[in-house]
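Peer 1: Mind looking over this structure? Questions follow.
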Amino acid sequence: MKNVHNFSAGPAALPRQALEKAQSSLLNYEESQVSIMEMSHRSKTYENVHFQAISRLKSLMKLDEDTHILFFQGGANLQFSMVPMNFLNNQSSYVLTGVWSEKAANEAKRFGTIDVQTHAKENGYSTIPSPDNLSYDDRNSYLHITSNNTIYGTQWKKFPYSKLPLVCDMSSDILSRDIDYNAFDLIYAGAQKNLGPAGVTIVAVKDSFLKNAHSDVAPMLSYQTFSKSQSMYNTPPVFSIYMLNLVLEWIESEGGVSSIEARNGKKASLLYDAIDRSEGFYRGHAEKEARSTMNVTFNLQHDDLEKLFLQEAEEAGLIGLPGHRLVGGIRASIYNAVPLESCEVLAAFMDSFKRKHT
């Protein structure tokens with residue numbers, strides 16, 4: 001099999017250790033003679049996986065005891081609707097820093113008035129606002145942010161702090177850095193970037209916030225339903241949760257989130273250094289103080305050169321590098337499971353391509 005370096009934005013690279021473990025037990029999980037995908041989600045065997053994944057998440061995120069871990073399907077897109085459906089009372093605040101926060105705000109408008117903050121779109125979403133420059137209106141039910149912006153390559157470095165409940169879409173940087181996850185009242189994250197394959201979405205919600213959820217929400221769209229049923233109100237996405245548990249096990253084996261964060265910093269530095277020393281050959285999209293450690297986005301001098309870059313990169317085994325269809329350019333998504341070696345190879349390729357085409 002050809003060795004490739006996978007920079008896909010999601011579904012993204014998974015740890016080889018987790019994939020190999022899944023492969024070895026795919027047909028016969030723990031001597032049960034069946035696959036994890038074939039057994040009842042009510043069986044003791046699957047329940048062990050389910051609750052082990054919850055326990056690992058709480059441990060790695062260092063969550064307080066009063067925080068619930070819930071598993072949903074539907075990706076972050078469903079959460080865009082579920083959050084306001086469950087918690088919005090007349091008005092709420094959304095900080096726009098990219099396409100996904102725009103989508104979240106647009107869905108929330110179906111359920112009430114939205115206090116939209118920041119004009120970052122005017123600058124091509126290249127910056128992140130200072131928390132000090134945000135307004136914190138007590139009439140708002142919550143403040144919603146998106147911690148990392150995959151399309152534009154920006155990331156919050158310092159989070160807002162206020163008396164308002166803080167809701168965060170962490171789909172693309174959850175467990176990539178050692179932050180205070182207890183500072184948030186609700187976190188949601190699609191798994192397919194840092195936590196596992198597509199198919200499961202993780203929610204961490206404080207009990208104090210959950211108690212304020214509306215009671216007239218349809219059961220399948222209610223956080224309270226999933227909390228009371230321990231995310232087994234209906235059949236959960238068993239294979240995705242199984243893979244999530246293996247990825248969490250891998251993070252533990254790597255030394256935990258702080259070790260992952262240190263390696264992610266090295267990976268990002270390799271690529272940003274290649275951009276900065278290129279003398280304008282590569283032009284990073286994000287302002288330096290807002291640069292993401294998950295998605296490195298940049299452009300070349302013209303479209304034809306970008307197409308050539310992508311062509312030669314793929315020939316060199318560097319895949320998943322085209323920028324998002326809305327903005328084009330180049331995007332290297334360097335989530336947790338992307339090895340340091342892959343970033344070293346990409347940085348060397350960038351240097352070589354510049355020398356060849358200057």
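Naming works like this for the structure tokens: A, B, ... for the chains as they're shown, residue 1 at the start of each chain, ligands 1 onward in shown order.
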Give me every strand (DSSP E) residue in stretch 60-262 of chain A, going by DSSP on the backbone, as a tab-separated table (two decimals) with N, CA, C and O atoms, in the first residue's frame.

Peer 2:
chain	number	residue	atom	x	y	z
A	67	THR	N	-21.06	17.37	35.04
A	67	THR	CA	-21.14	17.51	33.58
A	67	THR	C	-21.53	16.19	32.95
A	67	THR	O	-20.97	15.14	33.27
A	68	HIS	N	-22.50	16.24	32.05
A	68	HIS	CA	-22.99	15.05	31.36
A	68	HIS	C	-22.31	14.93	29.99
A	68	HIS	O	-22.18	15.93	29.27
A	69	ILE	N	-21.90	13.73	29.63
A	69	ILE	CA	-21.42	13.45	28.27
A	69	ILE	C	-22.53	12.72	27.53
A	69	ILE	O	-23.03	11.68	27.99
A	70	LEU	N	-22.92	13.28	26.38
A	70	LEU	CA	-24.01	12.71	25.59
A	70	LEU	C	-23.52	12.41	24.17
A	70	LEU	O	-22.63	13.10	23.66
A	71	PHE	N	-24.10	11.40	23.55
A	71	PHE	CA	-23.76	11.03	22.18
A	71	PHE	C	-24.98	11.23	21.28
A	71	PHE	O	-26.07	10.72	21.55
A	72	PHE	N	-24.77	11.99	20.20
A	72	PHE	CA	-25.82	12.23	19.21
A	72	PHE	C	-25.34	11.85	17.82
A	72	PHE	O	-24.15	11.65	17.59
A	91	GLN	N	-33.90	35.71	23.15
A	91	GLN	CA	-32.72	36.32	22.53
A	91	GLN	C	-31.45	35.60	22.96
A	91	GLN	O	-31.34	35.12	24.09
A	92	SER	N	-30.48	35.52	22.05
A	92	SER	CA	-29.18	34.96	22.40
A	92	SER	C	-28.10	35.61	21.54
A	92	SER	O	-28.38	36.29	20.56
A	93	SER	N	-26.84	35.38	21.93
A	93	SER	CA	-25.71	36.07	21.30
A	93	SER	C	-24.82	35.06	20.56
A	93	SER	O	-24.44	34.03	21.13
A	94	TYR	N	-24.48	35.38	19.31
A	94	TYR	CA	-23.61	34.54	18.49
A	94	TYR	C	-22.44	35.37	17.97
A	94	TYR	O	-22.64	36.43	17.38
A	95	VAL	N	-21.23	34.87	18.20
A	95	VAL	CA	-20.04	35.56	17.70
A	95	VAL	C	-19.66	34.91	16.37
A	95	VAL	O	-19.32	33.72	16.33
A	113	THR	N	-34.59	35.92	18.66
A	113	THR	CA	-33.77	37.03	18.19
A	113	THR	C	-32.30	36.74	18.45
A	113	THR	O	-31.94	36.26	19.53
A	114	ILE	N	-31.47	37.04	17.46
A	114	ILE	CA	-30.03	36.76	17.59
A	114	ILE	C	-29.25	38.07	17.62
A	114	ILE	O	-29.37	38.90	16.73
A	115	ASP	N	-28.48	38.20	18.67
A	115	ASP	CA	-27.55	39.32	18.82
A	115	ASP	C	-26.24	38.90	18.16
A	115	ASP	O	-25.45	38.15	18.74
A	116	VAL	N	-26.02	39.36	16.92
A	116	VAL	CA	-24.85	38.96	16.14
A	116	VAL	C	-23.68	39.88	16.47
A	116	VAL	O	-23.82	41.11	16.43
A	117	GLN	N	-22.53	39.27	16.77
A	117	GLN	CA	-21.35	40.05	17.13
A	117	GLN	C	-20.20	39.80	16.16
A	117	GLN	O	-20.05	38.70	15.64
A	143	LEU	N	-24.15	32.71	25.22
A	143	LEU	CA	-23.20	33.24	24.23
A	143	LEU	C	-22.60	32.06	23.48
A	143	LEU	O	-22.08	31.12	24.10
A	144	HIS	N	-22.70	32.07	22.15
A	144	HIS	CA	-22.22	30.95	21.34
A	144	HIS	C	-20.99	31.35	20.54
A	144	HIS	O	-20.96	32.40	19.89
A	145	ILE	N	-19.95	30.51	20.60
A	145	ILE	CA	-18.75	30.72	19.78
A	145	ILE	C	-18.36	29.41	19.08
A	145	ILE	O	-18.82	28.33	19.47
A	146	THR	N	-17.52	29.54	18.08
A	146	THR	CA	-16.92	28.39	17.40
A	146	THR	C	-15.42	28.48	17.65
A	146	THR	O	-14.77	29.42	17.20
A	148	ASN	N	-12.67	26.90	16.70
A	148	ASN	CA	-11.69	26.81	15.62
A	148	ASN	C	-12.43	26.85	14.30
A	148	ASN	O	-13.47	26.21	14.14
A	149	ASN	N	-11.90	27.62	13.37
A	149	ASN	CA	-12.58	27.83	12.09
A	149	ASN	C	-11.82	27.14	10.96
A	149	ASN	O	-10.79	27.64	10.50
A	154	THR	N	-8.50	29.99	11.55
A	154	THR	CA	-8.37	30.83	12.73
A	154	THR	C	-8.87	30.08	13.97
A	154	THR	O	-9.67	29.15	13.86
A	155	GLN	N	-8.42	30.53	15.15
A	155	GLN	CA	-8.73	29.81	16.38
A	155	GLN	C	-8.73	30.77	17.56
A	155	GLN	O	-7.88	31.66	17.65
A	166	LEU	N	-21.87	29.87	28.44
A	166	LEU	CA	-21.01	29.85	27.26
A	166	LEU	C	-21.18	28.53	26.52
A	166	LEU	O	-20.95	27.45	27.09
A	167	VAL	N	-21.59	28.61	25.27
A	167	VAL	CA	-21.80	27.44	24.41
A	167	VAL	C	-20.75	27.47	23.31
A	167	VAL	O	-20.49	28.52	22.72
A	168	CYS	N	-20.13	26.31	23.04
A	168	CYS	CA	-19.03	26.29	22.07
A	168	CYS	C	-19.10	25.10	21.14
A	168	CYS	O	-19.24	23.95	21.59
A	169	ASP	N	-18.98	25.38	19.85
A	169	ASP	CA	-18.78	24.35	18.84
A	169	ASP	C	-17.28	24.08	18.76
A	169	ASP	O	-16.52	24.90	18.27
A	186	LEU	N	-21.92	24.34	27.70
A	186	LEU	CA	-22.23	23.27	26.74
A	186	LEU	C	-21.19	23.29	25.63
A	186	LEU	O	-20.89	24.35	25.07
A	187	ILE	N	-20.62	22.13	25.36
A	187	ILE	CA	-19.67	21.94	24.26
A	187	ILE	C	-20.25	20.88	23.34
A	187	ILE	O	-20.77	19.86	23.80
A	188	TYR	N	-20.17	21.12	22.04
A	188	TYR	CA	-20.52	20.04	21.10
A	188	TYR	C	-19.43	19.91	20.06
A	188	TYR	O	-18.72	20.88	19.75
A	189	ALA	N	-19.27	18.68	19.56
A	189	ALA	CA	-18.18	18.42	18.61
A	189	ALA	C	-18.49	17.19	17.76
A	189	ALA	O	-18.71	16.11	18.31
A	190	GLY	N	-18.52	17.37	16.46
A	190	GLY	CA	-18.54	16.21	15.57
A	190	GLY	C	-17.22	15.47	15.72
A	190	GLY	O	-16.17	16.09	15.85
A	201	THR	N	-21.63	12.56	17.43
A	201	THR	CA	-21.34	13.91	17.89
A	201	THR	C	-21.34	13.90	19.41
A	201	THR	O	-22.25	13.34	20.04
A	202	ILE	N	-20.33	14.50	20.00
A	202	ILE	CA	-20.18	14.53	21.45
A	202	ILE	C	-20.73	15.83	22.00
A	202	ILE	O	-20.47	16.90	21.45
A	203	VAL	N	-21.47	15.74	23.08
A	203	VAL	CA	-21.95	16.91	23.80
A	203	VAL	C	-21.53	16.78	25.25
A	203	VAL	O	-21.70	15.72	25.86
A	204	ALA	N	-20.96	17.85	25.81
A	204	ALA	CA	-20.67	17.93	27.24
A	204	ALA	C	-21.48	19.10	27.77
A	204	ALA	O	-21.28	20.24	27.35
A	205	VAL	N	-22.40	18.82	28.69
A	205	VAL	CA	-23.30	19.87	29.18
A	205	VAL	C	-23.36	19.84	30.70
A	205	VAL	O	-23.51	18.79	31.32
A	206	LYS	N	-23.24	21.01	31.29
A	206	LYS	CA	-23.32	21.12	32.74
A	206	LYS	C	-24.75	20.89	33.21
A	206	LYS	O	-25.71	21.34	32.56

Peer 1: Would you mind telling me which residue in A:Ile241, A:Leu26, A:Leu175, A:Ala108 lies nearest to A:Gln73 when using only C-alpha atoms?

Peer 2: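 Nearest to A:Gln73: A:Ile241.
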
Peer 1: With distances taken over only C-alpha atoms, which residue among A:Asp304, A:Tyr46, A:Met170, A:Val338 lies nearest A:Gln79?

Peer 2: A:Met170

Peer 1: For A:Ile251, work out the shell of residues within 9 Å, counting only C-alpha atoms and skipping chain neighbours fewer than 6 positions away, then give it as a list of chain:residue names.

Peer 2: A:Leu60, A:Leu175, A:Val257, A:Ser259, A:Ile260, A:Asn336

Peer 1: So how far away is atom CA of A:Lys307 from atom CA of A:Asn123, in Å?

Peer 2: 24.8 Å

Peer 1: So which residues touch stretch 261-274 of chain A within 10 Å, counting only C-alpha atoms, skipping near sequence neighbours fewer than 2 positions away, as a ChimeraX atom specification?

Peer 2: /A:175-179,256-259,276-279,281-284,288,291-298,332-351,354

Peer 1: Closest to A:Trp156 among A:Leu326, A:Ala13, A:Leu310, A:Leu96, using only C-alpha atoms?

Peer 2: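 The shortest atom-to-atom distance to A:Trp156 comes from A:Leu96.
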
Peer 1: Pick out the residues sitting within 9 Å of A:Glu289, and hand them over as a list in words; count only C-alpha atoms, and ignore anything fewer than 6 positions along from it in its own chain.

Peer 2: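 Listing them by chain and then by number gives Thr127, Ile128, Thr154 and Lys157 of chain A.
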